[in-house]
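Undergrad: I am attaching a structure below and will ask some questions about it afterwards.
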Amino acid sequence: MSQITNRQVICDTLLDAAKKDQDIVVVCSDSRGSASLAPFAEQYPKQFVEVGIAEQNLVSVSAGLASCNKKVFAASPASFLSTRSYEQVKVDVAYSKTNVTLIGISGGVSYGALGMTHHSCQDIAAMASLPDMRVYLPCDRFQTRKLIEALLEDEKPAYVRVSRSATEDVYEENMDFKLNRANVIKEGADAVIISCGELVPYAVKAAKELEREGYGVGVIDMYCLKPMDEKAVIDAAEKADLIVTAEEHSPYGGLGSMVAQIVSASCPKKVVNLALPDGHIIAGTNHEIFQYYGLDDQGIKRAVIAGLSQGLVK
């Protein structure tokens, strides 16, 4: 496994871009360390703003800078960025269509040992419901770099959630990346696993194990939650007998809900949604939590086999 985290990659990508672009500005809410953005603050102090522990100010200041033609990247723990500053995100960024990329660090259950106050299990649903707000969950360091490079080239609001720990590489450095297009990692006629963010490596492992056992299982990396690549979902549903979604989020309003809505309207098939529970979540490392709730490779594998055993396959 790579020891390079997605948050480190964001900093490195912004550092490279800032060498040629003085309009890039990074804003933090006492989070430069946890966001791995301290090097940016040190090398480009005039392009860095520290607002302290004040997430609402973080967003409004970022929107103000964007209105002055700055390319703003605002970083804060996802659990706080997606809740404490929600009205500012709605009004100052989404409604106003300002060029702000919100970076939710340590998303999902990354702060597992700190408990549910530090979990962000509602952020996909919350951010995706805002007009003109795009939502992205890159899965590894290579995809993260490609995503940030793409967002540097446009002027639309975006929310990017990344994990705290390093994730296994799914792609290679020269990967083919298209903004707002899902990546079909593998096709399958029996079932297709659609996942995002930190769970994509688990989905890939599960599909490989299932293939060795004689199942044809595909994997789609839906890093772009909004806008969602509806064509990729429909194509998968037309070819496979079962769709399984896996997400580090509440069972309501996230990837599973979005996929089920598309499938039911266009190509009705059974959709099994694997997600975190609606209620208390155990404390532990993210991997321990994934394992406990059946979101790791073995849990995804069991869900696929269970779904296919219910007479869904010819």
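Letters A, B, ... go to the chains of the structure tokens in the order shown; residues in each chain start at 1; ligands are counted from 1 in the same order.
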Tell me which protein, DNA and RNA residues are within 8 Å of range 155-172 of chain A, counting only C-alpha atoms, leaving out same-chain ones fewer than 2 positions away, and put them as number ranges by chain.
TA: A: 1-7, 71, 78, 93-94, 97-108, 110-111, 127, 132-143, 151-153, 174-175, 197-198, 200-201
Undergrad: Which residues of range 53-109 of chain A sit at most 12 Å from range 19-30 of chain A, using only C-alpha atoms? Give each one's shortest atom pair and distance in Å (one decimal place), in chain and ascending residue order, as JSON lines.
TA:
{"residue": "A:Ile53", "atom": "CA", "partner": "A:Ser29", "partner_atom": "CA", "distance": 5.0}
{"residue": "A:Ala54", "atom": "CA", "partner": "A:Ser29", "partner_atom": "CA", "distance": 6.0}
{"residue": "A:Glu55", "atom": "CA", "partner": "A:Ser29", "partner_atom": "CA", "distance": 6.2}
{"residue": "A:Gln56", "atom": "CA", "partner": "A:Ser29", "partner_atom": "CA", "distance": 9.4}
{"residue": "A:Asn57", "atom": "CA", "partner": "A:Ser29", "partner_atom": "CA", "distance": 8.5}
{"residue": "A:Leu58", "atom": "CA", "partner": "A:Ser29", "partner_atom": "CA", "distance": 6.2}
{"residue": "A:Val59", "atom": "CA", "partner": "A:Val27", "partner_atom": "CA", "distance": 8.7}
{"residue": "A:Ser60", "atom": "CA", "partner": "A:Val27", "partner_atom": "CA", "distance": 10.6}
{"residue": "A:Val61", "atom": "CA", "partner": "A:Val27", "partner_atom": "CA", "distance": 8.3}
{"residue": "A:Ser62", "atom": "CA", "partner": "A:Val27", "partner_atom": "CA", "distance": 6.8}
{"residue": "A:Ala63", "atom": "CA", "partner": "A:Val27", "partner_atom": "CA", "distance": 10.5}
{"residue": "A:Gly64", "atom": "CA", "partner": "A:Val27", "partner_atom": "CA", "distance": 11.5}
{"residue": "A:Leu65", "atom": "CA", "partner": "A:Val25", "partner_atom": "CA", "distance": 8.2}
{"residue": "A:Ala66", "atom": "CA", "partner": "A:Val25", "partner_atom": "CA", "distance": 9.0}
{"residue": "A:Ser67", "atom": "CA", "partner": "A:Asp23", "partner_atom": "CA", "distance": 11.7}
{"residue": "A:Cys68", "atom": "CA", "partner": "A:Asp23", "partner_atom": "CA", "distance": 9.5}
{"residue": "A:Asn69", "atom": "CA", "partner": "A:Asp23", "partner_atom": "CA", "distance": 7.3}
{"residue": "A:Lys70", "atom": "CA", "partner": "A:Asp23", "partner_atom": "CA", "distance": 4.8}
{"residue": "A:Lys71", "atom": "CA", "partner": "A:Ile24", "partner_atom": "CA", "distance": 4.7}
{"residue": "A:Val72", "atom": "CA", "partner": "A:Val25", "partner_atom": "CA", "distance": 4.9}
{"residue": "A:Phe73", "atom": "CA", "partner": "A:Val26", "partner_atom": "CA", "distance": 4.9}
{"residue": "A:Ala74", "atom": "CA", "partner": "A:Val27", "partner_atom": "CA", "distance": 4.6}
{"residue": "A:Ala75", "atom": "CA", "partner": "A:Cys28", "partner_atom": "CA", "distance": 5.2}
{"residue": "A:Ser76", "atom": "CA", "partner": "A:Ser29", "partner_atom": "CA", "distance": 5.9}
{"residue": "A:Pro77", "atom": "CA", "partner": "A:Ser29", "partner_atom": "CA", "distance": 8.8}
{"residue": "A:Ala78", "atom": "CA", "partner": "A:Ser29", "partner_atom": "CA", "distance": 11.6}
{"residue": "A:Phe80", "atom": "CA", "partner": "A:Ser29", "partner_atom": "CA", "distance": 10.1}
{"residue": "A:Leu81", "atom": "CA", "partner": "A:Ser29", "partner_atom": "CA", "distance": 9.4}
{"residue": "A:Arg84", "atom": "CA", "partner": "A:Ser29", "partner_atom": "CA", "distance": 12.0}
{"residue": "A:Ser85", "atom": "CA", "partner": "A:Ser29", "partner_atom": "CA", "distance": 11.5}
{"residue": "A:Asn99", "atom": "CA", "partner": "A:Ile24", "partner_atom": "CA", "distance": 10.7}
{"residue": "A:Val100", "atom": "CA", "partner": "A:Val25", "partner_atom": "CA", "distance": 9.8}
{"residue": "A:Thr101", "atom": "CA", "partner": "A:Val26", "partner_atom": "CA", "distance": 9.7}
{"residue": "A:Leu102", "atom": "CA", "partner": "A:Val27", "partner_atom": "CA", "distance": 9.6}
{"residue": "A:Ile103", "atom": "CA", "partner": "A:Cys28", "partner_atom": "CA", "distance": 9.7}
{"residue": "A:Gly104", "atom": "CA", "partner": "A:Cys28", "partner_atom": "CA", "distance": 11.0}
{"residue": "A:Ile105", "atom": "CA", "partner": "A:Cys28", "partner_atom": "CA", "distance": 11.0}
Undergrad: Using only N, CA and C atoms, please write the residues we just selected to a file, as a compact mmCIF listing (two decimals), in the first residue's frame.
TA:
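Listed below is the output, again.txt:
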# COMPACT_ATOMS: atom_id res chain seq x y z
N ILE A 53 -10.56 28.15 14.02
CA ILE A 53 -11.66 27.19 14.10
C ILE A 53 -12.97 27.95 13.91
N ALA A 54 -13.29 28.21 12.66
CA ALA A 54 -14.47 29.01 12.30
C ALA A 54 -14.90 28.61 10.90
N GLU A 55 -15.57 27.47 10.81
CA GLU A 55 -15.90 26.91 9.50
C GLU A 55 -16.82 27.81 8.68
N GLN A 56 -17.74 28.51 9.34
CA GLN A 56 -18.63 29.42 8.61
C GLN A 56 -17.82 30.55 7.96
N ASN A 57 -16.88 31.08 8.72
CA ASN A 57 -16.01 32.11 8.16
C ASN A 57 -15.14 31.56 7.05
N LEU A 58 -14.69 30.34 7.22
CA LEU A 58 -13.88 29.68 6.19
C LEU A 58 -14.57 29.75 4.83
N VAL A 59 -15.84 29.38 4.81
CA VAL A 59 -16.58 29.32 3.56
C VAL A 59 -16.88 30.72 3.02
N SER A 60 -17.30 31.63 3.89
CA SER A 60 -17.64 32.98 3.41
C SER A 60 -16.41 33.75 2.94
N VAL A 61 -15.30 33.59 3.64
CA VAL A 61 -14.05 34.24 3.21
C VAL A 61 -13.62 33.66 1.86
N SER A 62 -13.75 32.36 1.71
CA SER A 62 -13.38 31.71 0.45
C SER A 62 -14.23 32.23 -0.70
N ALA A 63 -15.54 32.38 -0.45
CA ALA A 63 -16.43 32.89 -1.48
C ALA A 63 -16.08 34.33 -1.84
N GLY A 64 -15.69 35.12 -0.83
CA GLY A 64 -15.28 36.49 -1.10
C GLY A 64 -14.03 36.57 -1.96
N LEU A 65 -13.08 35.71 -1.66
CA LEU A 65 -11.85 35.68 -2.45
C LEU A 65 -12.15 35.24 -3.89
N ALA A 66 -13.05 34.27 -4.03
CA ALA A 66 -13.42 33.80 -5.36
C ALA A 66 -14.11 34.90 -6.17
N SER A 67 -14.85 35.75 -5.50
CA SER A 67 -15.52 36.86 -6.19
C SER A 67 -14.52 37.90 -6.68
N CYS A 68 -13.28 37.80 -6.17
CA CYS A 68 -12.19 38.67 -6.63
C CYS A 68 -11.27 37.93 -7.60
N ASN A 69 -11.85 36.92 -8.24
CA ASN A 69 -11.16 36.15 -9.29
C ASN A 69 -10.04 35.25 -8.78
N LYS A 70 -10.11 34.84 -7.53
CA LYS A 70 -9.15 33.87 -7.00
C LYS A 70 -9.69 32.45 -7.17
N LYS A 71 -8.77 31.49 -7.32
CA LYS A 71 -9.14 30.08 -7.39
C LYS A 71 -8.93 29.51 -5.99
N VAL A 72 -10.02 29.29 -5.29
CA VAL A 72 -9.94 29.02 -3.85
C VAL A 72 -10.16 27.54 -3.53
N PHE A 73 -9.28 27.02 -2.67
CA PHE A 73 -9.41 25.67 -2.14
C PHE A 73 -9.48 25.78 -0.63
N ALA A 74 -10.64 25.42 -0.07
CA ALA A 74 -10.88 25.58 1.37
C ALA A 74 -10.93 24.21 2.03
N ALA A 75 -10.06 23.99 3.01
CA ALA A 75 -9.94 22.67 3.62
C ALA A 75 -10.33 22.69 5.09
N SER A 76 -11.10 21.67 5.48
CA SER A 76 -11.52 21.51 6.87
C SER A 76 -12.02 20.09 7.04
N PRO A 77 -12.02 19.55 8.28
CA PRO A 77 -12.57 18.21 8.46
C PRO A 77 -13.98 18.10 7.90
N ALA A 78 -14.23 17.04 7.14
CA ALA A 78 -15.52 16.89 6.46
C ALA A 78 -16.69 16.91 7.43
N PHE A 80 -17.16 18.70 9.99
CA PHE A 80 -17.51 20.07 10.38
C PHE A 80 -17.84 20.93 9.16
N LEU A 81 -17.09 20.74 8.10
CA LEU A 81 -17.30 21.54 6.89
C LEU A 81 -18.70 21.33 6.32
N ARG A 84 -21.42 22.51 10.06
CA ARG A 84 -21.36 23.83 10.71
C ARG A 84 -21.50 24.98 9.72
N SER A 85 -21.00 24.78 8.51
CA SER A 85 -21.00 25.88 7.53
C SER A 85 -22.00 25.64 6.41
N ASN A 99 -16.22 30.24 -7.45
CA ASN A 99 -15.16 29.30 -7.80
C ASN A 99 -14.43 28.84 -6.53
N VAL A 100 -15.12 28.02 -5.75
CA VAL A 100 -14.57 27.49 -4.50
C VAL A 100 -14.63 25.97 -4.53
N THR A 101 -13.49 25.34 -4.26
CA THR A 101 -13.44 23.90 -4.08
C THR A 101 -13.33 23.62 -2.59
N LEU A 102 -14.34 23.02 -2.03
CA LEU A 102 -14.36 22.66 -0.61
C LEU A 102 -13.74 21.28 -0.46
N ILE A 103 -12.74 21.18 0.39
CA ILE A 103 -12.05 19.90 0.58
C ILE A 103 -12.38 19.38 1.97
N GLY A 104 -13.19 18.34 2.01
CA GLY A 104 -13.54 17.71 3.28
C GLY A 104 -12.53 16.63 3.60
N ILE A 105 -11.63 16.94 4.52
CA ILE A 105 -10.57 15.99 4.88
C ILE A 105 -11.07 15.01 5.94
Undergrad: Using DSSP on the backbone coordinates, identify all residues within range 208-290 of chain A classified as alpha helix (DSSP H); present the result as a ChimeraX atom specification.
TA: /A:208-212,230-239,255-266,286-290
Undergrad: Those same residues - C-alpha atoms - I'd like them written as a PDB file, in the first residue's frame.
TA:
ATOM      1  CA  LYS A 208     -11.240 -10.501  -8.164  1.00  0.00           C
ATOM      2  CA  GLU A 209     -12.041 -13.096  -5.498  1.00  0.00           C
ATOM      3  CA  LEU A 210     -15.498 -13.667  -6.956  1.00  0.00           C
ATOM      4  CA  GLU A 211     -14.011 -14.110 -10.419  1.00  0.00           C
ATOM      5  CA  ARG A 212     -11.746 -16.855  -9.104  1.00  0.00           C
ATOM      6  CA  GLU A 230     -26.107   7.948 -15.406  1.00  0.00           C
ATOM      7  CA  LYS A 231     -25.079   6.237 -18.646  1.00  0.00           C
ATOM      8  CA  ALA A 232     -22.506   4.115 -16.829  1.00  0.00           C
ATOM      9  CA  VAL A 233     -25.144   3.039 -14.304  1.00  0.00           C
ATOM     10  CA  ILE A 234     -27.741   2.192 -16.971  1.00  0.00           C
ATOM     11  CA  ASP A 235     -25.221   0.299 -19.098  1.00  0.00           C
ATOM     12  CA  ALA A 236     -24.245  -1.791 -16.062  1.00  0.00           C
ATOM     13  CA  ALA A 237     -27.866  -2.498 -15.136  1.00  0.00           C
ATOM     14  CA  GLU A 238     -28.698  -3.587 -18.689  1.00  0.00           C
ATOM     15  CA  LYS A 239     -25.847  -6.100 -18.766  1.00  0.00           C
ATOM     16  CA  LEU A 255     -24.538   6.582  -3.681  1.00  0.00           C
ATOM     17  CA  GLY A 256     -26.988   3.731  -3.141  1.00  0.00           C
ATOM     18  CA  SER A 257     -30.031   5.987  -3.207  1.00  0.00           C
ATOM     19  CA  MET A 258     -28.821   7.759  -6.344  1.00  0.00           C
ATOM     20  CA  VAL A 259     -28.056   4.527  -8.193  1.00  0.00           C
ATOM     21  CA  ALA A 260     -31.379   2.948  -7.184  1.00  0.00           C
ATOM     22  CA  GLN A 261     -33.248   5.989  -8.476  1.00  0.00           C
ATOM     23  CA  ILE A 262     -31.532   5.758 -11.868  1.00  0.00           C
ATOM     24  CA  VAL A 263     -31.913   1.991 -12.184  1.00  0.00           C
ATOM     25  CA  SER A 264     -35.578   1.927 -11.162  1.00  0.00           C
ATOM     26  CA  ALA A 265     -36.448   4.606 -13.714  1.00  0.00           C
ATOM     27  CA  SER A 266     -34.439   3.265 -16.645  1.00  0.00           C
ATOM     28  CA  ASN A 286     -11.722   2.789   9.513  1.00  0.00           C
ATOM     29  CA  HIS A 287     -10.802  -0.740   8.433  1.00  0.00           C
ATOM     30  CA  GLU A 288     -12.222  -2.207  11.651  1.00  0.00           C
ATOM     31  CA  ILE A 289     -15.448  -0.290  11.099  1.00  0.00           C
ATOM     32  CA  PHE A 290     -15.661  -1.396   7.458  1.00  0.00           C
TER      33      PHE A 290
END
Undergrad: Quote the spacing between CA of Gly253 in chain A and CA of Cys121 in chain A in Å to one decimal place.
TA: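 Going from CA of Gly253 in chain A over to CA of Cys121 in chain A, I get 10.3 Å.
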Undergrad: Could you pull out the strand (DSSP E or B) residues of range 8-193 of chain A from DSSP and send them as a PyMOL selection string?
TA: chain A and resi 24-28+48-50+71-77+100-105+108+120+134-136+158-161+183-186+191-193
Undergrad: State, in Å with one decimal place, the distance from CA of Asp12 in chain A to CA of Ile148 in chain A.
TA: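 Going from CA of Asp12 in chain A over to CA of Ile148 in chain A covers 10.2 Å.
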Undergrad: For CA of Val49 in chain A and CA of Lys226 in chain A, determine how far apart the two atoms are, in Å to one decimal place.
TA: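 If I compute the distance from CA of Val49 in chain A to CA of Lys226 in chain A, I get 28.1 Å.
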Undergrad: Would you kindly return, as a VMD selection string, each protein, DNA or RNA residue with an atom no farther than 10 Å from any atom of Ala206 in chain A, considering only C-alpha atoms and excluding same-chain residues fewer than 4 positions away?
TA: chain A and resid 193 200 to 202 210 to 211 217 to 219 296 to 302 304
Undergrad: Store the residues picked out above in a file with N, CA and C atoms, as an mmCIF file, in the first residue's frame.
TA:
data_model
loop_
_atom_site.group_PDB
_atom_site.id
_atom_site.type_symbol
_atom_site.label_atom_id
_atom_site.label_comp_id
_atom_site.auth_asym_id
_atom_site.auth_seq_id
_atom_site.Cartn_x
_atom_site.Cartn_y
_atom_site.Cartn_z
ATOM 1 N N ILE A 193 -20.464 -4.099 -9.014
ATOM 2 C CA ILE A 193 -20.292 -3.362 -7.770
ATOM 3 C C ILE A 193 -19.984 -1.911 -8.126
ATOM 4 N N VAL A 200 -13.481 1.745 -2.904
ATOM 5 C CA VAL A 200 -13.206 1.204 -4.234
ATOM 6 C C VAL A 200 -12.164 0.082 -4.197
ATOM 7 N N PRO A 201 -11.047 0.232 -3.478
ATOM 8 C CA PRO A 201 -10.087 -0.882 -3.434
ATOM 9 C C PRO A 201 -10.697 -2.168 -2.887
ATOM 10 N N TYR A 202 -11.610 -2.053 -1.920
ATOM 11 C CA TYR A 202 -12.283 -3.236 -1.381
ATOM 12 C C TYR A 202 -13.174 -3.870 -2.452
ATOM 13 N N LEU A 210 -14.296 -13.073 -6.389
ATOM 14 C CA LEU A 210 -15.498 -13.667 -6.956
ATOM 15 C C LEU A 210 -15.224 -14.259 -8.334
ATOM 16 N N GLU A 211 -14.368 -13.593 -9.094
ATOM 17 C CA GLU A 211 -14.011 -14.110 -10.419
ATOM 18 C C GLU A 211 -13.309 -15.462 -10.302
ATOM 19 N N VAL A 217 -18.164 -10.554 -12.190
ATOM 20 C CA VAL A 217 -18.545 -9.366 -11.419
ATOM 21 C C VAL A 217 -17.749 -8.150 -11.883
ATOM 22 N N GLY A 218 -18.442 -7.095 -12.226
ATOM 23 C CA GLY A 218 -17.802 -5.860 -12.660
ATOM 24 C C GLY A 218 -17.646 -4.878 -11.519
ATOM 25 N N VAL A 219 -16.838 -3.843 -11.757
ATOM 26 C CA VAL A 219 -16.626 -2.781 -10.763
ATOM 27 C C VAL A 219 -16.664 -1.434 -11.466
ATOM 28 N N ASP A 296 -15.968 -4.131 3.864
ATOM 29 C CA ASP A 296 -14.653 -4.494 3.328
ATOM 30 C C ASP A 296 -14.838 -5.493 2.196
ATOM 31 N N ASP A 297 -13.739 -6.003 1.656
ATOM 32 C CA ASP A 297 -13.847 -6.894 0.505
ATOM 33 C C ASP A 297 -14.646 -8.161 0.813
ATOM 34 N N GLN A 298 -14.476 -8.708 2.006
ATOM 35 C CA GLN A 298 -15.213 -9.920 2.357
ATOM 36 C C GLN A 298 -16.708 -9.647 2.532
ATOM 37 N N GLY A 299 -17.029 -8.489 3.099
ATOM 38 C CA GLY A 299 -18.431 -8.132 3.262
ATOM 39 C C GLY A 299 -19.113 -7.893 1.926
ATOM 40 N N ILE A 300 -18.418 -7.217 1.021
ATOM 41 C CA ILE A 300 -18.972 -6.973 -0.323
ATOM 42 C C ILE A 300 -19.136 -8.299 -1.057
ATOM 43 N N LYS A 301 -18.156 -9.163 -0.916
ATOM 44 C CA LYS A 301 -18.217 -10.486 -1.567
ATOM 45 C C LYS A 301 -19.435 -11.262 -1.074
ATOM 46 N N ARG A 302 -19.664 -11.256 0.236
ATOM 47 C CA ARG A 302 -20.815 -11.979 0.799
ATOM 48 C C ARG A 302 -22.129 -11.413 0.262
ATOM 49 N N VAL A 304 -22.687 -9.902 -2.608
ATOM 50 C CA VAL A 304 -22.874 -10.285 -4.011
ATOM 51 C C VAL A 304 -23.360 -11.719 -4.103
#
Undergrad: Show which residues sit within 7 Å of Ile194 in chain A, as an NGL selection string. Count only C-alpha atoms, and ignore same-chain residues fewer than 3 positions away.
TA: :A and (219-222 or 244-246)
Undergrad: For range 107-201 of chain A against range 267-284 of chain A, with a cut-off of 7 Å and counting only C-alpha atoms, what is the closest atom pair and its distance in Å to one decimal for every residue that makes the cut, ordered by chain and number, as a tab-separated table?
TA:
residue	atom	partner	partner_atom	distance
A:Gly112	CA	A:Gly284	CA	5.0
A:Ala113	CA	A:Gly284	CA	4.9
A:Gly115	CA	A:Ala283	CA	5.7
A:Met116	CA	A:Ile281	CA	6.8
Undergrad: Output C-alpha atoms for every residue in the selection just made, as a short mmCIF file (atom, residue, chain, number, x, y, z; two decimals), in the first residue's frame.
TA:
data_model
loop_
_atom_site.label_atom_id
_atom_site.label_comp_id
_atom_site.auth_asym_id
_atom_site.auth_seq_id
_atom_site.Cartn_x
_atom_site.Cartn_y
_atom_site.Cartn_z
CA GLY A 112 -13.18 6.45 13.96
CA ALA A 113 -11.70 6.44 17.45
CA GLY A 115 -16.70 8.71 17.66
CA MET A 116 -19.75 9.96 15.81
#
